[in-house]
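In what follows, a single structure is set out as structure tokens and then discussed.
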Amino acid sequence: MAETSSHDRILAEYDQKLALYKALTGAASDLLSKILASDILQLHSITARCKDRDSLSHKLHKLGRDYNSLSDLTDVAAVRVTTYFSEDLNTVASKIEQEFNVDWPNSIDKRTAHEPDRFGYQSVHFVVSISEARCALAEYSRFRGFKLEIQVRSILQHAWAEIEHDLGYKSIYGVPRQVRRRFSRVAGLLELADEEFSGIRRELKNYAAAMPASIAARPENVGIDQISIRSLVGMESSVTHRLSADIANLCRRELLPPTDVTLAGCVRAFALVGLKTIADVERMAKLNYDIVIRYLKCMGGDPPLILEVHEDIGARHLAFALLSASPGKLYEYVSGFNLPDPHSYVQMQISIFEKLRQESAQSL
């Protein structure tokens with residue numbers, strides 16, 4: 001009878017405090033968004049939830065667990081931080097330890113588990129409360145004494161946990177023996193994938209960091225990709241950058257950093273015209289410099305009506321000039337632009353650039 005009374009009392013307390021717990025999850029997720037905001041640390045998501053009444057009731061009925069009040073349950077309110085890379089878990093965990101009061105006896109760091117046959121993916125489950133310093137502020141004062149759970153996982157760890165939960169098996173003892181090996185193989189593959197993605201990110205960072213020196217030393221050995229083009233258009237000593245700077249001056253606009261979308265367009269266009277290296281881009285930029293500038297001038301307007309001028313605008317217009325020498329390739333390039341009449345547009349551009357080339361040849 002006492003157990004039933006305790007169960008009912010906790011559920012009644014839950015009904016009374018649910019709105020406050022929901023407010024706590026919102027405040028905690030907003031706080032995490034602020035303290036984890038970084039150009040370097042990119043998160044997949046921060047999600048919040050409160051345990052629903054049925055789940056709470058089910059937990060209260062579990063054998064071997066005694067709960068005297070709602071505060072004995074540390075996961076009524078929960079926030080999940082999902083990272084793209086497993087190596088970012090340490091950074092997130094460190095920030096949480098700095099900004100919240102961590103209840104270490106009730107927190108679980110599954111990364112420290114070393115059992116070779118252990119199922120599941122390794123994540124960190126913190127039980128925390130809002131720090132005393134923040135509780136002194138009016139916006140957090142009502143959360144003093146409340147605990148919540150913060151789970152930190154990589155996106156692949158989250159995928160494993162979700163699938164494992166859906167299958168309904170959280171222990172090797174619940175899985176038929178013949179299936180256990182398949183579980184272990186999948187867990188190993190996901191762990192390897194997590195490590196490989198982190199390794200790829202580190203390699204790309206190192207590649208980008210070394211790019212300016214590589215271009216300056218041997219541009220003929222540097223292939224064309226988004227990283228190398230981004231580096232090239234940002235180098236004030238490059239012909240391609242100077243072309244963009246002149247276009248910005250012509251349009252009376254500030255030169256802005258390039259975007260991933262426009263850089264990808266440059267790479268695709270250069271591949272279509274057969275350019276292989278950064279040296280090829282620089283050479284063609286020098287040969288077609290005047291044609292690109294005159295193209296902008298003949299498009300009308302003083303200054304030309306271009307609202308945003310990015311550092312890769314010279315490379316983009318260079319690619320367009322080169323494509324105009326081949327109708328088929330230019331049509332292939334603009335086919336994804338959703339133009340109302342791509343054939344007429346291609347013919348018009350070819351005509352303009354052909355006229356500019358003739359005028360350029362006559363002026364020599």
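Here's how to read the names in the structure tokens: chain A, B, ... by the order shown, residue numbers from 1 in each chain, ligand numbers from 1 in the order shown.
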_Taking 4 positions as the minimum chain separation for residues in the same chain, which residues sit within 12 Å of Thr259 of chain A when counting only C-alpha atoms? Answer as a PyMOL selection string._
chain A and resi 226-227+229-230+233+263-266+308-313+316
Self-check item: 10 Å contact set for Ala27 of chain A, only C-alpha atoms, chain neighbours under 3 positions out, as a ChimeraX atom specification
Solution: /A:21-24,30-33,48,130,139-140,143
Take the selection from the previous step and output its residues with N, CA and C atoms, as a PDB file, in the first residue's frame.
ATOM      1  N   TYR A  21       9.383  21.869 -15.228  1.00  0.00           N
ATOM      2  CA  TYR A  21      10.378  20.991 -15.861  1.00  0.00           C
ATOM      3  C   TYR A  21      10.515  21.312 -17.350  1.00  0.00           C
ATOM      4  N   LYS A  22       9.400  21.588 -18.003  1.00  0.00           N
ATOM      5  CA  LYS A  22       9.468  21.960 -19.424  1.00  0.00           C
ATOM      6  C   LYS A  22      10.236  23.265 -19.606  1.00  0.00           C
ATOM      7  N   ALA A  23      10.006  24.214 -18.706  1.00  0.00           N
ATOM      8  CA  ALA A  23      10.742  25.476 -18.759  1.00  0.00           C
ATOM      9  C   ALA A  23      12.232  25.235 -18.532  1.00  0.00           C
ATOM     10  N   LEU A  24      12.551  24.280 -17.651  1.00  0.00           N
ATOM     11  CA  LEU A  24      13.950  23.943 -17.373  1.00  0.00           C
ATOM     12  C   LEU A  24      14.642  23.382 -18.611  1.00  0.00           C
ATOM     13  N   ASP A  30      18.715  26.273 -24.405  1.00  0.00           N
ATOM     14  CA  ASP A  30      19.153  27.607 -24.857  1.00  0.00           C
ATOM     15  C   ASP A  30      20.543  27.924 -24.328  1.00  0.00           C
ATOM     16  N   LEU A  31      20.796  27.574 -23.079  1.00  0.00           N
ATOM     17  CA  LEU A  31      22.104  27.828 -22.475  1.00  0.00           C
ATOM     18  C   LEU A  31      23.180  27.012 -23.178  1.00  0.00           C
ATOM     19  N   LEU A  32      22.883  25.753 -23.471  1.00  0.00           N
ATOM     20  CA  LEU A  32      23.845  24.912 -24.183  1.00  0.00           C
ATOM     21  C   LEU A  32      24.132  25.463 -25.574  1.00  0.00           C
ATOM     22  N   SER A  33      23.109  25.957 -26.252  1.00  0.00           N
ATOM     23  CA  SER A  33      23.315  26.546 -27.582  1.00  0.00           C
ATOM     24  C   SER A  33      24.284  27.709 -27.519  1.00  0.00           C
ATOM     25  N   ALA A  48      15.412  18.739 -26.639  1.00  0.00           N
ATOM     26  CA  ALA A  48      14.989  18.672 -25.240  1.00  0.00           C
ATOM     27  C   ALA A  48      13.666  17.929 -25.133  1.00  0.00           C
ATOM     28  N   ILE A 130      21.476  23.578 -12.583  1.00  0.00           N
ATOM     29  CA  ILE A 130      21.936  24.926 -12.925  1.00  0.00           C
ATOM     30  C   ILE A 130      22.880  25.417 -11.831  1.00  0.00           C
ATOM     31  N   GLU A 139      16.258  34.943 -14.078  1.00  0.00           N
ATOM     32  CA  GLU A 139      15.753  34.030 -15.119  1.00  0.00           C
ATOM     33  C   GLU A 139      15.988  32.563 -14.781  1.00  0.00           C
ATOM     34  N   TYR A 140      16.933  32.288 -13.871  1.00  0.00           N
ATOM     35  CA  TYR A 140      17.239  30.893 -13.517  1.00  0.00           C
ATOM     36  C   TYR A 140      16.864  30.543 -12.080  1.00  0.00           C
ATOM     37  N   PHE A 143      14.810  27.475 -10.962  1.00  0.00           N
ATOM     38  CA  PHE A 143      15.289  26.118 -11.239  1.00  0.00           C
ATOM     39  C   PHE A 143      16.237  25.608 -10.160  1.00  0.00           C
TER      40      PHE A 143
END
#### Entry: Point-to-point distance in Å for atom CA of Asp290 of chain A and atom CA of Leu250 of chain A
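Going from atom CA of Leu250 of chain A over to atom CA of Asp290 of chain A covers 12.8 Å.
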Between atom CA of His44 of chain A and atom CA of Lys95 of chain A lies a distance of 16.6 Å
Which residues are near Val346 of chain A? Cut-off 12 Å, only C-alpha atoms, ignore same chain within fewer than 6 positions. Put them as a list in words.
Phe320, Ala321, Leu323, Ser324, Ala325, Ser326, Pro327, Gly328, Lys329, Leu330, Tyr331, Glu332, Tyr333, Val334, Ser335, Phe337, Leu339, Pro340, Ile352 and Phe353 of chain A
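Atom CA of Asn68 of chain A sits 6.2 Å away from atom CA of Ser6 of chain A.
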Across A:Ser55, A:Thr91, A:Ser107, A:Gln42, the smallest distance to Thr74 of chain A, with only C-alpha atoms counted, is shown by A:Ser107
Discussion item. Give me the residues near Asn106 of chain A as an MDAnalysis selection string, where near means some atom within 9 Å (using only C-alpha atoms) and where sequence neighbours in that chain fewer than 3 positions away do not count.
Written reply: chainID A and resid 74 102:103 125:127
*For Ser244 of chain A, which residue out of A:Pro176, A:Gly199, A:Gly336, A:Pro257 is the nearest one, using only C-alpha atoms?*
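Looking at the shortest contact to Ser244 of chain A, the residue is A:Pro257.
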If you run DSSP on the backbone here, which positions in segment 26-254 of chain A get strand (DSSP E)? Please write them as a PyMOL selection string. chain A and resi 43-50+77-83+100-102+108-109+124-130+147-154
Output as a short mmCIF file (atom, residue, chain, number, x, y, z; two decimals) with C-alpha atoms, in the first residue's frame all residues of segment 99-340 of chain A that backbone DSSP marks as alpha helix (DSSP H).
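See selection22.cif below for the written result:
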data_model
loop_
_atom_site.label_atom_id
_atom_site.label_comp_id
_atom_site.auth_asym_id
_atom_site.auth_seq_id
_atom_site.Cartn_x
_atom_site.Cartn_y
_atom_site.Cartn_z
CA GLU A 99 28.91 25.60 -16.85
CA GLU A 132 24.57 28.58 -8.12
CA ALA A 133 25.96 31.61 -9.94
CA ARG A 134 23.21 31.38 -12.55
CA CYS A 135 20.52 30.57 -10.00
CA ILE A 155 25.36 11.27 -34.74
CA LEU A 156 26.49 7.69 -35.40
CA GLN A 157 26.25 6.86 -31.70
CA HIS A 158 22.74 8.27 -31.76
CA ALA A 159 21.86 6.15 -34.80
CA TRP A 160 23.04 3.03 -32.99
CA ALA A 161 21.09 3.88 -29.83
CA GLU A 162 17.89 4.60 -31.78
CA ILE A 163 18.06 1.37 -33.78
CA GLU A 164 18.98 -0.63 -30.70
CA HIS A 165 15.99 0.88 -28.88
CA ASP A 166 13.68 0.13 -31.81
CA LEU A 167 14.81 -3.51 -31.90
CA ARG A 177 23.32 -16.19 -29.58
CA GLN A 178 23.34 -16.44 -33.38
CA VAL A 179 22.50 -12.74 -33.67
CA ARG A 180 25.11 -11.45 -31.21
CA ARG A 181 27.95 -11.64 -33.71
CA ARG A 182 26.01 -9.50 -36.18
CA PHE A 183 25.39 -6.90 -33.47
CA SER A 184 29.09 -6.84 -32.65
CA ARG A 185 30.06 -6.46 -36.31
CA VAL A 186 27.72 -3.50 -36.77
CA ALA A 187 28.96 -1.85 -33.57
CA GLY A 188 32.55 -2.25 -34.79
CA LEU A 189 31.73 -0.81 -38.20
CA LEU A 190 30.02 2.22 -36.67
CA GLU A 191 32.93 2.82 -34.31
CA LEU A 192 35.36 2.58 -37.22
CA ALA A 193 33.20 4.95 -39.29
CA ASP A 194 33.15 7.46 -36.42
CA GLU A 195 36.94 7.36 -36.21
CA GLU A 196 37.34 7.61 -39.98
CA PHE A 197 35.07 10.65 -40.25
CA SER A 198 37.12 12.36 -37.54
CA GLY A 199 40.31 11.44 -39.38
CA ILE A 200 38.95 12.79 -42.65
CA ARG A 201 38.07 16.09 -40.98
CA ARG A 202 41.58 16.41 -39.54
CA GLU A 203 43.14 15.61 -42.92
CA LEU A 204 40.99 18.22 -44.66
CA LYS A 205 41.95 20.84 -42.07
CA ASN A 206 45.62 20.08 -42.55
CA TYR A 207 45.21 20.16 -46.34
CA ALA A 208 43.51 23.56 -46.18
CA ALA A 209 46.13 24.97 -43.79
CA ALA A 210 48.96 23.93 -46.12
CA MET A 211 47.23 25.11 -49.30
CA PRO A 212 48.52 28.73 -49.55
CA ALA A 213 52.12 27.54 -49.27
CA SER A 214 51.49 24.73 -51.78
CA ILE A 215 50.02 27.16 -54.31
CA ALA A 216 52.83 29.66 -53.84
CA ALA A 217 55.51 26.98 -54.26
CA GLN A 226 36.86 23.63 -53.41
CA ILE A 227 39.67 23.98 -50.89
CA SER A 228 42.32 24.93 -53.43
CA ILE A 229 40.03 27.37 -55.26
CA ARG A 230 38.99 28.96 -51.94
CA SER A 231 42.65 29.44 -51.08
CA LEU A 232 43.52 30.78 -54.55
CA VAL A 233 40.78 33.41 -54.65
CA GLY A 234 41.81 34.60 -51.19
CA VAL A 239 45.75 36.78 -60.80
CA THR A 240 42.36 35.27 -60.00
CA HIS A 241 42.03 37.32 -56.81
CA ARG A 242 43.05 40.53 -58.59
CA LEU A 243 40.39 39.86 -61.22
CA SER A 244 37.75 39.59 -58.48
CA ALA A 245 39.06 42.75 -56.81
CA ASP A 246 38.77 44.69 -60.10
CA ILE A 247 35.21 43.41 -60.57
CA ALA A 248 34.37 44.57 -57.03
CA ASN A 249 35.79 48.03 -57.80
CA LEU A 250 33.87 48.13 -61.09
CA CYS A 251 30.64 47.26 -59.26
CA ASP A 260 30.50 26.69 -50.78
CA VAL A 261 27.84 26.74 -53.50
CA THR A 262 29.68 29.14 -55.79
CA LEU A 263 33.02 27.42 -55.18
CA ALA A 264 31.46 24.09 -56.15
CA GLY A 265 30.19 25.75 -59.35
CA CYS A 266 33.72 26.93 -60.18
CA VAL A 267 35.16 23.46 -59.67
CA ARG A 268 32.50 21.90 -61.89
CA ALA A 269 32.98 24.49 -64.63
CA PHE A 270 36.77 24.15 -64.65
CA ALA A 271 36.39 20.37 -64.91
CA LEU A 272 34.07 20.80 -67.91
CA ILE A 278 45.68 25.80 -60.06
CA ALA A 279 48.44 26.81 -62.48
CA ASP A 280 45.96 26.22 -65.34
CA VAL A 281 43.42 28.53 -63.65
CA GLU A 282 45.99 31.28 -63.14
CA ARG A 283 47.19 31.01 -66.72
CA MET A 284 43.67 31.22 -68.14
CA ALA A 285 42.80 34.11 -65.77
CA LYS A 286 45.75 36.07 -67.17
CA LEU A 287 44.81 35.30 -70.80
CA TYR A 289 41.42 38.99 -67.83
CA ASP A 290 40.38 41.81 -70.17
CA ILE A 291 37.56 39.78 -71.74
CA VAL A 292 36.00 39.11 -68.33
CA ILE A 293 36.19 42.79 -67.33
CA ARG A 294 34.73 43.93 -70.66
CA TYR A 295 31.96 41.32 -70.34
CA LEU A 296 30.89 42.88 -67.03
CA LYS A 297 30.96 46.35 -68.57
CA CYS A 298 28.88 45.36 -71.60
CA ILE A 313 33.49 36.06 -58.79
CA GLY A 314 36.55 36.37 -61.02
CA ALA A 315 36.92 32.58 -61.14
CA ARG A 316 33.20 32.15 -61.89
CA HIS A 317 33.22 34.61 -64.77
CA LEU A 318 36.47 33.15 -66.06
CA ALA A 319 34.84 29.73 -66.13
CA PHE A 320 31.85 31.19 -67.96
CA ALA A 321 34.11 32.79 -70.56
CA LEU A 322 35.91 29.50 -71.15
CA LEU A 323 32.66 27.54 -71.37
CA PRO A 327 28.08 25.44 -76.74
CA GLY A 328 27.55 21.88 -75.52
CA LYS A 329 29.57 22.36 -72.35
CA LEU A 330 28.01 25.74 -71.61
CA TYR A 331 24.55 24.25 -72.03
CA GLU A 332 25.47 21.38 -69.70
CA TYR A 333 26.73 23.89 -67.13
CA VAL A 334 23.63 26.12 -67.16
#
Q: Determine the nearest neighbour of Tyr67 of chain A from the options A:Met348, A:Ile10, A:Cys50, A:Ile40, counting only C-alpha atoms.
A: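 Answer, going by the shortest atom-to-atom distance: A:Ile10.
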- Task: Write out as a count of residues only which residues come within 8 Å of segment 45-47 of chain A when counting only C-alpha atoms, dropping same-chain ones fewer than 2 positions away.
- Result: 10
